[in-house]
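Trainee: Data file start_32.cif (mmCIF, C-alpha atoms (C1' of nucleotides)) is appended below.
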data_coords
#
loop_
_atom_site.label_atom_id
_atom_site.label_comp_id
_atom_site.auth_asym_id
_atom_site.auth_seq_id
_atom_site.Cartn_x
_atom_site.Cartn_y
_atom_site.Cartn_z
CA MET A 1 106.30 77.76 99.44
CA SER A 2 107.79 74.32 98.91
CA THR A 3 110.94 73.24 100.70
CA SER A 4 112.87 73.24 97.47
CA GLU A 5 111.71 76.82 96.80
CA ARG A 6 112.69 77.93 100.28
CA LEU A 7 116.13 76.43 99.79
CA ILE A 8 116.63 78.33 96.56
CA GLU A 9 115.40 81.61 98.00
CA SER A 10 117.56 81.27 101.11
CA THR A 11 120.56 80.51 98.95
CA ARG A 12 119.87 83.55 96.79
CA GLU A 13 119.83 85.77 99.85
CA LEU A 14 123.00 84.31 101.30
CA LEU A 15 124.89 84.43 98.01
CA TRP A 16 124.02 88.10 97.80
CA GLU A 17 125.05 88.82 101.38
CA ARG A 18 128.09 86.60 101.74
CA GLY A 19 129.04 85.23 98.33
CA TYR A 20 129.60 81.59 97.45
CA VAL A 21 132.63 80.79 99.58
CA GLY A 22 131.04 82.63 102.49
CA THR A 23 127.83 80.63 102.36
CA SER A 24 127.60 77.25 104.06
CA PRO A 25 124.96 74.58 103.58
CA LYS A 26 124.30 74.82 107.28
CA ALA A 27 123.45 78.53 107.04
CA ILE A 28 121.16 77.84 104.09
CA LEU A 29 119.32 75.10 105.94
CA GLU A 30 118.83 77.23 109.03
CA ARG A 31 117.43 80.11 107.00
CA ALA A 32 115.16 77.82 104.99
CA GLY A 33 114.04 75.95 108.09
CA ALA A 34 114.93 72.61 106.55
CA GLY A 35 117.04 69.63 107.56
CA GLN A 36 120.12 68.26 105.85
CA GLY A 37 118.18 65.50 104.15
CA SER A 38 115.92 67.92 102.26
CA MET A 39 118.77 69.73 100.64
CA TYR A 40 120.55 66.61 99.48
CA HIS A 41 117.28 65.15 98.30
CA HIS A 42 116.43 68.08 96.01
CA PHE A 43 119.98 69.03 95.01
CA LYS A 44 123.22 67.20 94.41
CA GLY A 45 125.10 69.49 96.79
CA LYS A 46 126.10 73.07 97.41
CA PRO A 47 127.22 73.82 93.84
CA ASP A 48 124.02 72.41 92.38
CA LEU A 49 121.83 74.45 94.71
CA ALA A 50 123.92 77.56 94.09
CA LEU A 51 123.51 77.09 90.34
CA ALA A 52 119.74 77.05 90.67
CA ALA A 53 119.89 80.17 92.85
CA ILE A 54 122.25 82.05 90.53
CA ARG A 55 120.15 81.21 87.47
CA ARG A 56 117.05 82.59 89.10
CA THR A 57 118.80 85.76 90.23
CA ALA A 58 120.19 86.23 86.73
CA GLU A 59 116.73 85.89 85.20
CA GLU A 60 115.32 88.37 87.64
CA MET A 61 118.06 90.88 86.97
CA ARG A 62 117.51 90.66 83.23
CA ALA A 63 113.79 91.18 83.64
CA THR A 64 114.33 94.23 85.85
CA ALA A 65 116.84 95.79 83.45
CA ALA A 66 114.67 95.02 80.43
CA GLY A 67 111.77 96.74 82.12
CA VAL A 68 113.70 99.99 82.19
CA LEU A 69 115.62 99.67 78.93
CA ASP A 70 112.54 98.75 76.89
CA GLY A 71 110.56 101.57 78.49
CA PRO A 72 109.54 104.90 76.98
CA GLY A 73 111.86 107.78 76.24
CA THR A 74 114.75 108.63 73.99
CA PRO A 75 117.86 106.44 74.04
CA TYR A 76 119.59 108.88 76.38
CA GLU A 77 116.59 108.90 78.68
CA ARG A 78 116.43 105.11 78.82
CA ILE A 79 120.11 104.86 79.66
CA GLU A 80 119.63 107.52 82.30
CA ALA A 81 116.64 105.63 83.68
CA TYR A 82 118.78 102.51 83.89
CA LEU A 83 121.59 104.32 85.67
CA ARG A 84 119.33 106.19 88.06
CA ARG A 85 116.99 103.33 88.76
CA GLU A 86 116.40 102.72 92.44
CA ARG A 87 118.95 100.34 93.88
CA ASP A 88 119.92 99.08 97.27
CA VAL A 89 123.42 100.35 96.55
CA LEU A 90 125.18 99.12 99.67
CA ARG A 91 124.03 95.56 99.04
CA GLY A 92 125.82 95.57 95.72
CA CYS A 93 124.90 93.63 92.60
CA PRO A 94 123.88 90.03 93.31
CA ILE A 95 125.33 88.95 89.97
CA GLY A 96 128.39 91.15 89.71
CA ARG A 97 129.62 90.31 93.19
CA LEU A 98 129.92 86.66 92.16
CA THR A 99 132.81 87.55 89.87
CA MET A 100 134.94 88.09 92.98
CA ASP A 101 134.17 84.60 94.18
CA PRO A 102 137.07 82.29 93.36
CA ASP A 103 134.94 79.14 93.34
CA VAL A 104 132.41 80.71 90.98
CA ILE A 105 135.10 81.88 88.58
CA ALA A 106 136.75 78.46 88.74
CA SER A 107 133.54 76.76 87.60
CA ASP A 108 132.37 77.31 84.03
CA GLU A 109 128.90 76.19 85.02
CA LEU A 110 128.52 78.68 87.85
CA ARG A 111 130.15 81.48 85.90
CA ALA A 112 127.99 81.00 82.78
CA PRO A 113 124.80 82.70 84.03
CA VAL A 114 126.86 85.59 85.38
CA ASP A 115 128.64 86.05 82.08
CA GLU A 116 125.48 85.71 80.01
CA THR A 117 123.61 88.27 82.07
CA LEU A 118 126.28 90.96 81.93
CA ASP A 119 126.85 90.23 78.28
CA TRP A 120 123.18 90.55 77.49
CA LEU A 121 123.09 93.86 79.35
CA ARG A 122 126.01 95.24 77.40
CA GLU A 123 124.53 94.22 74.07
CA ARG A 124 121.18 95.72 74.96
CA LEU A 125 122.81 99.01 75.95
CA ALA A 126 125.00 99.02 72.86
CA ALA A 127 121.91 98.72 70.66
CA ILE A 128 120.32 101.66 72.46
CA VAL A 129 123.42 103.78 71.97
CA GLU A 130 123.42 102.97 68.27
CA GLU A 131 119.75 103.82 68.09
CA GLY A 132 120.62 107.15 69.68
CA GLN A 133 123.31 107.75 67.10
CA GLU A 134 120.85 107.18 64.27
CA GLN A 135 118.58 109.73 65.84
CA GLY A 136 121.43 112.19 66.26
CA GLU A 137 121.30 112.03 70.05
CA PHE A 138 124.83 110.66 70.44
CA ALA A 139 127.94 111.62 68.51
CA PRO A 140 128.49 109.30 65.53
CA TRP A 141 132.11 108.53 66.34
CA LEU A 142 131.27 106.90 69.66
CA ASP A 143 131.38 103.11 69.74
CA GLY A 144 128.16 101.59 71.03
CA GLU A 145 129.79 98.58 72.63
CA GLU A 146 132.44 100.70 74.30
CA ILE A 147 129.88 103.12 75.72
CA ALA A 148 127.79 100.18 76.88
CA ALA A 149 130.79 98.65 78.63
CA ALA A 150 131.52 101.98 80.32
CA VAL A 151 127.92 102.24 81.50
CA VAL A 152 127.80 98.77 83.01
CA ALA A 153 131.27 99.18 84.50
CA THR A 154 130.28 102.46 86.12
CA VAL A 155 127.40 100.73 87.85
CA GLN A 156 129.43 97.72 88.93
CA GLY A 157 132.33 99.88 90.06
CA GLY A 158 129.95 102.28 91.76
CA TYR A 159 128.94 99.46 94.07
CA VAL A 160 132.59 98.96 94.96
CA LEU A 161 133.07 102.63 95.84
CA ALA A 162 129.86 102.75 97.83
CA ARG A 163 130.63 99.64 99.85
CA ALA A 164 134.17 100.82 100.53
CA SER A 165 132.92 104.08 102.01
CA GLY A 166 129.81 102.66 103.61
CA SER A 167 127.67 105.20 101.78
CA PRO A 168 125.86 105.36 98.41
CA THR A 169 127.30 108.82 97.74
CA ALA A 170 130.16 107.72 95.50
CA PHE A 171 127.85 105.49 93.45
CA ASP A 172 125.60 108.44 92.72
CA ALA A 173 128.56 110.66 91.93
CA GLY A 174 129.90 108.19 89.38
CA VAL A 175 126.52 107.90 87.71
CA ARG A 176 126.13 111.67 87.53
CA GLY A 177 129.65 112.00 86.16
CA LEU A 178 129.00 109.50 83.40
CA LEU A 179 125.66 111.07 82.53
CA SER A 180 127.23 114.53 82.31
CA LEU A 181 129.79 113.15 79.86
CA LEU A 182 127.15 111.34 77.84
CA MET A 183 125.05 114.45 77.61
CA THR A 184 127.99 116.67 76.76
CA ALA A 185 129.09 114.25 74.06
CA ALA A 186 126.04 114.94 71.98
CA PRO A 187 126.88 116.07 68.44
CA LYS A 188 124.52 119.00 68.43
CA ASP A 189 124.61 121.77 70.91
CA ARG A 190 122.53 121.08 73.92
CA PRO A 191 121.81 123.20 76.96
CA ALA A 192 125.36 123.86 78.10
CA ARG A 193 124.76 122.89 81.68
CA PRO A 194 123.44 119.32 82.10
CA SER A 195 120.96 119.02 84.96
CA MET B 196 162.91 87.38 104.11
CA SER B 197 161.78 87.06 107.72
CA THR B 198 159.00 84.71 108.68
CA SER B 199 156.77 87.62 109.56
CA GLU B 200 157.40 89.10 106.12
CA ARG B 201 156.64 85.83 104.41
CA LEU B 202 153.39 85.57 106.33
CA ILE B 203 152.32 89.04 105.22
CA GLU B 204 153.27 88.42 101.60
CA SER B 205 151.49 85.07 101.50
CA THR B 206 148.42 86.66 103.00
CA ARG B 207 148.50 89.44 100.41
CA GLU B 208 148.56 86.90 97.61
CA LEU B 209 145.76 84.82 99.06
CA LEU B 210 143.57 87.81 99.82
CA TRP B 211 143.94 88.83 96.21
CA GLU B 212 143.21 85.38 94.86
CA ARG B 213 140.51 84.20 97.23
CA GLY B 214 139.41 87.14 99.39
CA TYR B 215 139.19 87.22 103.17
CA VAL B 216 136.52 84.60 103.79
CA GLY B 217 138.15 82.32 101.25
CA THR B 218 141.57 82.47 102.90
CA SER B 219 142.38 80.17 105.82
CA PRO B 220 145.30 80.45 108.24
CA LYS B 221 146.26 76.97 107.15
CA ALA B 222 146.61 78.05 103.53
CA ILE B 223 148.67 81.05 104.57
CA LEU B 224 151.03 78.94 106.66
CA GLU B 225 151.52 76.43 103.88
CA ARG B 226 152.35 79.14 101.36
CA ALA B 227 154.68 80.91 103.77
CA GLY B 228 156.34 77.66 104.80
CA ALA B 229 155.74 78.40 108.46
CA GLY B 230 154.16 76.57 111.36
CA GLN B 231 151.14 77.58 113.39
CA GLY B 232 153.21 78.94 116.21
CA SER B 233 154.94 81.53 114.04
CA MET B 234 151.73 83.11 112.92
CA TYR B 235 150.27 83.41 116.39
CA HIS B 236 153.57 84.66 117.71
CA HIS B 237 153.76 87.58 115.27
CA PHE B 238 150.05 88.30 114.92
CA LYS B 239 147.02 88.11 117.15
CA GLY B 240 145.13 86.00 114.62
CA LYS B 241 143.75 86.00 111.12
CA PRO B 242 142.16 89.49 111.25
CA ASP B 243 145.35 91.03 112.60
CA LEU B 244 147.49 89.44 109.91
CA ALA B 245 144.98 90.38 107.23
CA LEU B 246 145.06 93.98 108.42
CA ALA B 247 148.83 94.12 108.02
CA ALA B 248 148.52 92.61 104.54
CA ILE B 249 145.73 94.94 103.44
CA ARG B 250 147.59 98.01 104.69
CA ARG B 251 150.63 97.07 102.70
CA THR B 252 148.64 96.38 99.55
CA ALA B 253 146.86 99.70 99.97
CA GLU B 254 150.16 101.56 100.27
CA GLU B 255 151.51 99.82 97.20
CA MET B 256 148.43 100.63 95.16
CA ARG B 257 148.64 104.30 96.11
CA ALA B 258 152.29 104.45 95.15
CA THR B 259 151.59 102.84 91.79
CA ALA B 260 148.71 105.17 91.02
CA ALA B 261 150.64 108.22 92.19
CA GLY B 262 153.48 107.25 89.88
CA VAL B 263 151.18 107.60 86.89
CA LEU B 264 149.00 110.49 88.08
CA ASP B 265 151.96 112.64 89.08
CA GLY B 266 153.72 111.87 85.82
CA PRO B 267 154.21 114.13 82.81
CA GLY B 268 151.51 115.16 80.39
CA THR B 269 148.32 117.15 80.32
CA PRO B 270 145.53 116.30 82.75
CA TYR B 271 143.75 114.29 80.06
CA GLU B 272 146.94 112.42 79.25
CA ARG B 273 147.56 111.56 82.88
CA ILE B 274 144.02 110.25 83.31
CA GLU B 275 144.45 108.28 80.13
CA ALA B 276 147.74 106.91 81.39
CA TYR B 277 146.04 105.82 84.60
CA LEU B 278 143.22 104.12 82.73
CA ARG B 279 145.45 102.43 80.19
CA ARG B 280 148.18 101.45 82.61
CA GLU B 281 149.19 97.84 82.33
CA ARG B 282 147.10 95.66 84.61
CA ASP B 283 146.62 91.99 85.22
CA VAL B 284 142.95 92.53 84.49
CA LEU B 285 141.67 89.03 85.22
CA ARG B 286 143.15 89.08 88.70
CA GLY B 287 141.07 92.10 89.55
CA CYS B 288 141.91 94.87 92.01
CA PRO B 289 143.41 93.59 95.26
CA ILE B 290 141.78 96.46 97.16
CA GLY B 291 138.47 96.78 95.37
CA ARG B 292 137.71 93.06 95.58
CA LEU B 293 137.75 93.31 99.38
CA THR B 294 134.56 95.37 99.27
CA MET B 295 132.71 92.19 98.31
CA ASP B 296 134.00 90.41 101.38
CA PRO B 297 131.34 90.40 104.09
CA ASP B 298 133.82 90.08 106.94
CA VAL B 299 135.89 92.99 105.65
CA ILE B 300 132.85 95.24 105.29
CA ALA B 301 131.67 94.20 108.75
CA SER B 302 134.93 95.36 110.31
CA ASP B 303 135.66 99.08 110.41
CA GLU B 304 139.32 98.32 110.95
CA LEU B 305 139.69 96.10 107.89
CA ARG B 306 137.53 98.36 105.74
CA ALA B 307 139.41 101.56 106.64
CA PRO B 308 142.49 101.08 104.42
CA VAL B 309 140.23 100.08 101.52
CA ASP B 310 138.08 103.15 101.96
CA GLU B 311 141.05 105.50 102.40
CA THR B 312 142.79 104.21 99.29
CA LEU B 313 139.82 104.55 96.97
CA ASP B 314 138.97 107.88 98.52
CA TRP B 315 142.50 109.17 98.01
CA LEU B 316 142.37 108.02 94.39
CA ARG B 317 139.11 109.83 93.72
CA GLU B 318 140.38 113.05 95.27
CA ARG B 319 143.58 112.89 93.31
CA LEU B 320 141.70 112.37 90.05
CA ALA B 321 139.23 115.12 90.90
CA ALA B 322 142.09 117.57 91.35
CA ILE B 323 143.49 116.59 87.97
CA VAL B 324 140.13 117.10 86.30
CA GLU B 325 139.86 120.54 87.85
CA GLU B 326 143.35 121.33 86.71
CA GLY B 327 142.27 120.32 83.22
CA GLN B 328 139.28 122.61 83.45
CA GLU B 329 141.49 125.56 84.34
CA GLN B 330 143.59 124.82 81.31
CA GLY B 331 140.52 124.55 79.13
CA GLU B 332 141.05 120.86 78.48
CA PHE B 333 137.77 119.78 80.08
CA ALA B 334 134.41 121.48 79.86
CA PRO B 335 133.86 123.84 82.79
CA TRP B 336 130.45 122.48 83.74
CA LEU B 337 131.79 119.03 84.54
CA ASP B 338 132.14 118.20 88.21
CA GLY B 339 135.62 117.02 89.11
CA GLU B 340 134.54 114.67 91.86
CA GLU B 341 131.83 113.15 89.71
CA ILE B 342 134.19 112.55 86.80
CA ALA B 343 136.73 111.10 89.22
CA ALA B 344 134.12 108.72 90.63
CA ALA B 345 133.16 107.67 87.12
CA VAL B 346 136.80 107.01 86.24
CA VAL B 347 137.48 104.86 89.30
CA ALA B 348 134.15 103.07 88.93
CA THR B 349 134.89 102.27 85.30
CA VAL B 350 138.12 100.59 86.33
CA GLN B 351 136.59 98.69 89.24
CA GLY B 352 133.58 97.67 87.18
CA GLY B 353 135.79 96.78 84.26
CA TYR B 354 137.36 94.09 86.41
CA VAL B 355 133.90 92.70 87.08
CA LEU B 356 133.07 92.50 83.38
CA ALA B 357 136.43 90.97 82.53
CA ARG B 358 136.22 88.31 85.20
CA ALA B 359 132.64 87.46 84.26
CA SER B 360 133.63 86.80 80.67
CA GLY B 361 137.05 85.34 81.40
CA SER B 362 138.67 87.89 79.09
CA PRO B 363 140.11 91.41 79.46
CA THR B 364 138.20 92.57 76.38
CA ALA B 365 135.31 94.19 78.20
CA PHE B 366 137.64 96.03 80.58
CA ASP B 367 139.45 97.59 77.64
CA ALA B 368 136.18 98.44 75.93
CA GLY B 369 134.89 100.27 79.00
CA VAL B 370 138.11 102.25 79.30
CA ARG B 371 138.01 103.22 75.63
CA GLY B 372 134.37 104.18 75.95
CA LEU B 373 135.05 106.45 78.90
CA LEU B 374 138.07 108.02 77.22
CA SER B 375 136.07 108.71 74.05
CA LEU B 376 133.48 110.52 76.15
CA LEU B 377 136.10 112.45 78.08
CA MET B 378 137.78 113.54 74.90
CA THR B 379 134.55 114.44 73.20
CA ALA B 380 133.47 116.47 76.21
CA ALA B 381 136.24 118.98 75.70
CA PRO B 382 134.97 122.51 75.37
CA LYS B 383 136.98 123.34 72.31
CA ASP B 384 136.81 121.40 69.10
CA ARG B 385 139.25 118.58 68.95
CA PRO B 386 139.95 116.07 66.22
CA ALA B 387 136.46 114.67 65.64
CA ARG B 388 137.55 111.06 65.83
CA PRO B 389 139.32 110.15 69.09
CA SER B 390 142.03 107.58 68.59
"C1'" DG C 391 160.90 82.53 117.52
"C1'" DT C 392 159.49 78.23 115.86
"C1'" DC C 393 157.63 73.68 116.22
"C1'" DT C 394 154.24 69.96 117.33
"C1'" DA C 395 150.27 68.48 119.84
"C1'" DT C 396 145.83 69.23 121.05
"C1'" DA C 397 141.12 71.17 121.03
"C1'" DC C 398 136.70 72.15 119.36
"C1'" DA C 399 133.46 74.06 116.13
"C1'" DA C 400 132.11 74.32 111.41
"C1'" DA C 401 132.00 72.71 106.42
"C1'" DG C 402 130.28 69.46 103.44
"C1'" DA C 403 128.44 65.13 102.60
"C1'" DT C 404 126.40 60.18 103.42
"C1'" DA C 405 123.32 56.55 105.64
"C1'" DG C 406 119.45 54.99 107.01
"C1'" DA C 407 115.11 55.47 109.90
"C1'" DC C 408 110.48 57.15 109.39
"C1'" DG D 409 110.37 63.93 101.26
"C1'" DT D 410 112.13 64.90 105.62
"C1'" DC D 411 114.65 63.95 109.78
"C1'" DT D 412 118.54 62.62 112.78
"C1'" DA D 413 122.85 60.29 113.19
"C1'" DT D 414 127.45 59.86 111.71
"C1'" DC D 415 131.72 60.84 109.29
"C1'" DT D 416 135.90 63.25 107.54
"C1'" DT D 417 138.30 67.35 106.68
"C1'" DT D 418 139.16 72.05 107.47
"C1'" DG D 419 139.12 76.49 110.16
"C1'" DT D 420 140.84 78.84 113.93
"C1'" DA D 421 143.10 78.98 118.09
"C1'" DT D 422 145.77 77.58 122.49
"C1'" DA D 423 149.51 75.05 125.11
"C1'" DG D 424 153.68 73.91 125.89
"C1'" DA D 425 158.20 71.82 124.34
"C1'" DC D 426 162.56 73.16 122.24
#
Please lay out the structure from this file as structure tokens.
Mentor:
Amino acid sequence: MSTSERLIESTRELLWERGYVGTSPKAILERAGAGQGSMYHHFKGKPDLALAAIRRTAEEMRATAAGVLDGPGTPYERIEAYLRRERDVLRGCPIGRLTMDPDVIASDELRAPVDETLDWLRERLAAIVEEGQEQGEFAPWLDGEEIAAAVVATVQGGYVLARASGSPTAFDAGVRGLLSLLMTAAPKDRPARPS
Amino acid sequence: MSTSERLIESTRELLWERGYVGTSPKAILERAGAGQGSMYHHFKGKPDLALAAIRRTAEEMRATAAGVLDGPGTPYERIEAYLRRERDVLRGCPIGRLTMDPDVIASDELRAPVDETLDWLRERLAAIVEEGQEQGEFAPWLDGEEIAAAVVATVQGGYVLARASGSPTAFDAGVRGLLSLLMTAAPKDRPARPS
DNA sequence: GTCTATACAAAGATAGAC
DNA sequence: GTCTATCTTTGTATAGAC
């Protein structure tokens, strides 16, 4: 792997673990096994390197989510697959956590990939909900964008609950709670007791 | 206000705005209008002062939430009141945001008030859901703790979505989405179109 | 209790040798 | 392209005067 690649990958890891303000160039260089000169040769500085790292993480996250959301199954099943997908819950979301970083929020450039990724996710989920409504799987009076926002928020907030308690339990509980509501909110009668 | 009070209040503000790793003693002292000596006279250091600040913020958050949750109305109405309560959405949750702070999560002492507050909130909401089930307002097969986790997660995640996009819109959408599901999931027929 | 002075490591970046 | 100085400011804390 090239030095520039190692710098980006090390930055991605550190941004995930410690956020932007908590990540120093020095820590990045140590992890990448590179000297100061390399970093300032390939990148203009910390914000420039962080931007490259965030963009790559955003791309990856979209690809992962798309893999589940474009998969087989009914709309409900695809949303369930997204919610139940294997996650390293206690690590949190590498994109969502950046929204708590004051320097990221203060910079339109750094915030853009974060915003675009979460926005894309909401739109994708909203389309699936609407698809489910056409097929009679979801009640017609639900609003696709609102349900989508609730789904993404449950995941992002689930990370908060899990990290607060030091256990993934609350994340899983929130997901199950939302799924039980989604299933119950079907227009036709379904098995009364969601699994 | 005493110097010690001003130090705690300044720390509370900065922790909310910039988190623990993003807040320096120097910034606290400047905001409090105090010198170095004062801070190290009243507190052992940054973690000790932060602990006092976090505890106070946690207490305040509990009191605010209790004010709404113990208020009048049916269980559904009280949950709705909690979700729709006026918030400075773009500032985020002063307690929840700390879960993204590596130094807070690494310290059991700093994490404890965060954990206890969110845990208390979930338990309180779970009890209200169960109360609603007894009254026939919520479907009996829902799990109170799961619904409570979904409610708190929607709020915490709503902050993430709002901050990512720089607008409270997505927070409100998530709340409306969750409320529409909660209302639809009532066991008896209700007005088909939730407001 | 509060202040200033001092200390020393780390953050973030530049300069210039190789 | 990479490395090692060097530089300035900030982070965090202690010491001691008032």
Trainee: Please indicate the distance in Å from atom CA of B:Leu246 to atom CA of A:Thr169, rounded to one decimal place.
Mentor: 25.5 Å
Trainee: Name the residues captured by the PyMOL selection byres ((chain D) within 12 of (chain B)) when it is applied to the shown file; answer as a PDB file with C-alpha atoms (C1' of nucleotides), in the coordinates of the input.
Mentor:
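The resulting file, part-v6.pdb, is reproduced below:
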ATOM      1  C1'  DT D 418     139.160  72.050 107.470  1.00  0.00           C
ATOM      2  C1'  DG D 419     139.120  76.490 110.160  1.00  0.00           C
ATOM      3  C1'  DT D 420     140.840  78.840 113.930  1.00  0.00           C
ATOM      4  C1'  DA D 421     143.100  78.980 118.090  1.00  0.00           C
ATOM      5  C1'  DT D 422     145.770  77.580 122.490  1.00  0.00           C
ATOM      6  C1'  DA D 423     149.510  75.050 125.110  1.00  0.00           C
ATOM      7  C1'  DG D 424     153.680  73.910 125.890  1.00  0.00           C
ATOM      8  C1'  DA D 425     158.200  71.820 124.340  1.00  0.00           C
TER       9       DA D 425
END
Trainee: How close does each residue of chain B get to chain A, giving the shortest atom pair and distance in Å to one decimal for every residue with an atom at most 8 Å away, counting all atoms listed in the file, sorted by chain and residue number, as CSV?
Mentor:
residue,atom,partner,partner_atom,distance
B:Glu212,CA,A:Pro102,CA,7.0
B:Arg213,CA,A:Pro102,CA,5.5
B:Gly214,CA,A:Asp101,CA,7.8
B:Val216,CA,A:Gly22,CA,6.0
B:Gly217,CA,A:Val21,CA,6.0
B:Gly291,CA,A:Val160,CA,6.3
B:Arg292,CA,A:Met100,CA,6.3
B:Thr294,CA,A:Ala164,CA,5.6
B:Met295,CA,A:Arg97,CA,6.3
B:Asp296,CA,A:Arg18,CA,7.0
B:Pro297,CA,A:Arg18,CA,5.5
B:Ile300,CA,A:Arg163,CA,7.3
B:Arg306,CA,A:Ala164,CA,6.7
B:Val309,CA,A:Ala164,CA,6.2
B:Asp310,CA,A:Ala164,CA,4.8
B:Leu313,CA,A:Leu161,CA,7.1
B:Asp314,CA,A:Ser165,CA,8.0
B:Trp336,CA,A:Arg193,CA,6.1
B:Leu337,CA,A:Ser180,CA,6.8
B:Asp338,CA,A:Gly177,CA,7.0
B:Glu340,CA,A:Ala173,CA,7.2
B:Glu341,CA,A:Gly177,CA,4.3
B:Ile342,CA,A:Gly177,CA,4.6
B:Ala343,CA,A:Gly174,CA,7.4
B:Ala344,CA,A:Gly174,CA,4.4
B:Ala345,CA,A:Gly174,CA,4.0
B:Val346,CA,A:Gly174,CA,7.7
B:Val347,CA,A:Gly157,CA,7.2
B:Ala348,CA,A:Gly157,CA,3.8
B:Thr349,CA,A:Thr154,CA,4.7
B:Val350,CA,A:Gly157,CA,6.9
B:Gln351,CA,A:Gly157,CA,4.5
B:Gly352,CA,A:Gly157,CA,3.8
B:Gly353,CA,A:Ala153,CA,5.1
B:Val355,CA,A:Thr99,CA,6.0
B:Leu356,CA,A:Ala153,CA,7.0
B:Arg358,CA,A:Thr99,CA,5.8
B:Ala359,CA,A:Asp115,CA,4.8
B:Ser360,CA,A:Asp115,CA,5.2
B:Ala365,CA,A:Ala149,CA,6.4
B:Phe366,CA,A:Ala149,CA,7.6
B:Ala368,CA,A:Glu146,CA,4.7
B:Gly369,CA,A:Ala150,CA,4.0
B:Val370,CA,A:Ala150,CA,6.7
B:Arg371,CA,A:Glu146,CA,6.3
B:Gly372,CA,A:Glu146,CA,4.3
B:Leu373,CA,A:Ala150,CA,5.9
B:Ser375,CA,A:Leu142,CA,6.8
B:Leu376,CA,A:Leu181,CA,5.9
B:Leu377,CA,A:Leu181,CA,6.6
B:Thr379,CA,A:Ala185,CA,5.5
B:Ala380,CA,A:Ala185,CA,5.4
B:Ala387,CA,A:Trp141,CA,7.6
B:Arg388,CA,A:Trp141,CA,6.0
B:Pro389,CA,A:Trp141,CA,7.9
Trainee: Excluding same-chain residues fewer than 3 positions from A:Glu5, what lies within 10 Å of it counting only C-alpha atoms (C1' of nucleotides), as a VMD selection string?
Mentor: chain A and resid 1 to 2 8 to 11 32 42 53
Trainee: Would you write out, as a PyMOL selection string, every residue that the PyMOL selection byres ((chain C and resi 408) around 10) captures in this file?
Mentor: (chain C and resi 406-407) or (chain D and resi 410-411)
Trainee: Any idea which chain B residues end up within 8 Å of chain C if we count all atoms listed in the file, as a ChimeraX atom specification please?
Mentor: /B:230,232-233,236
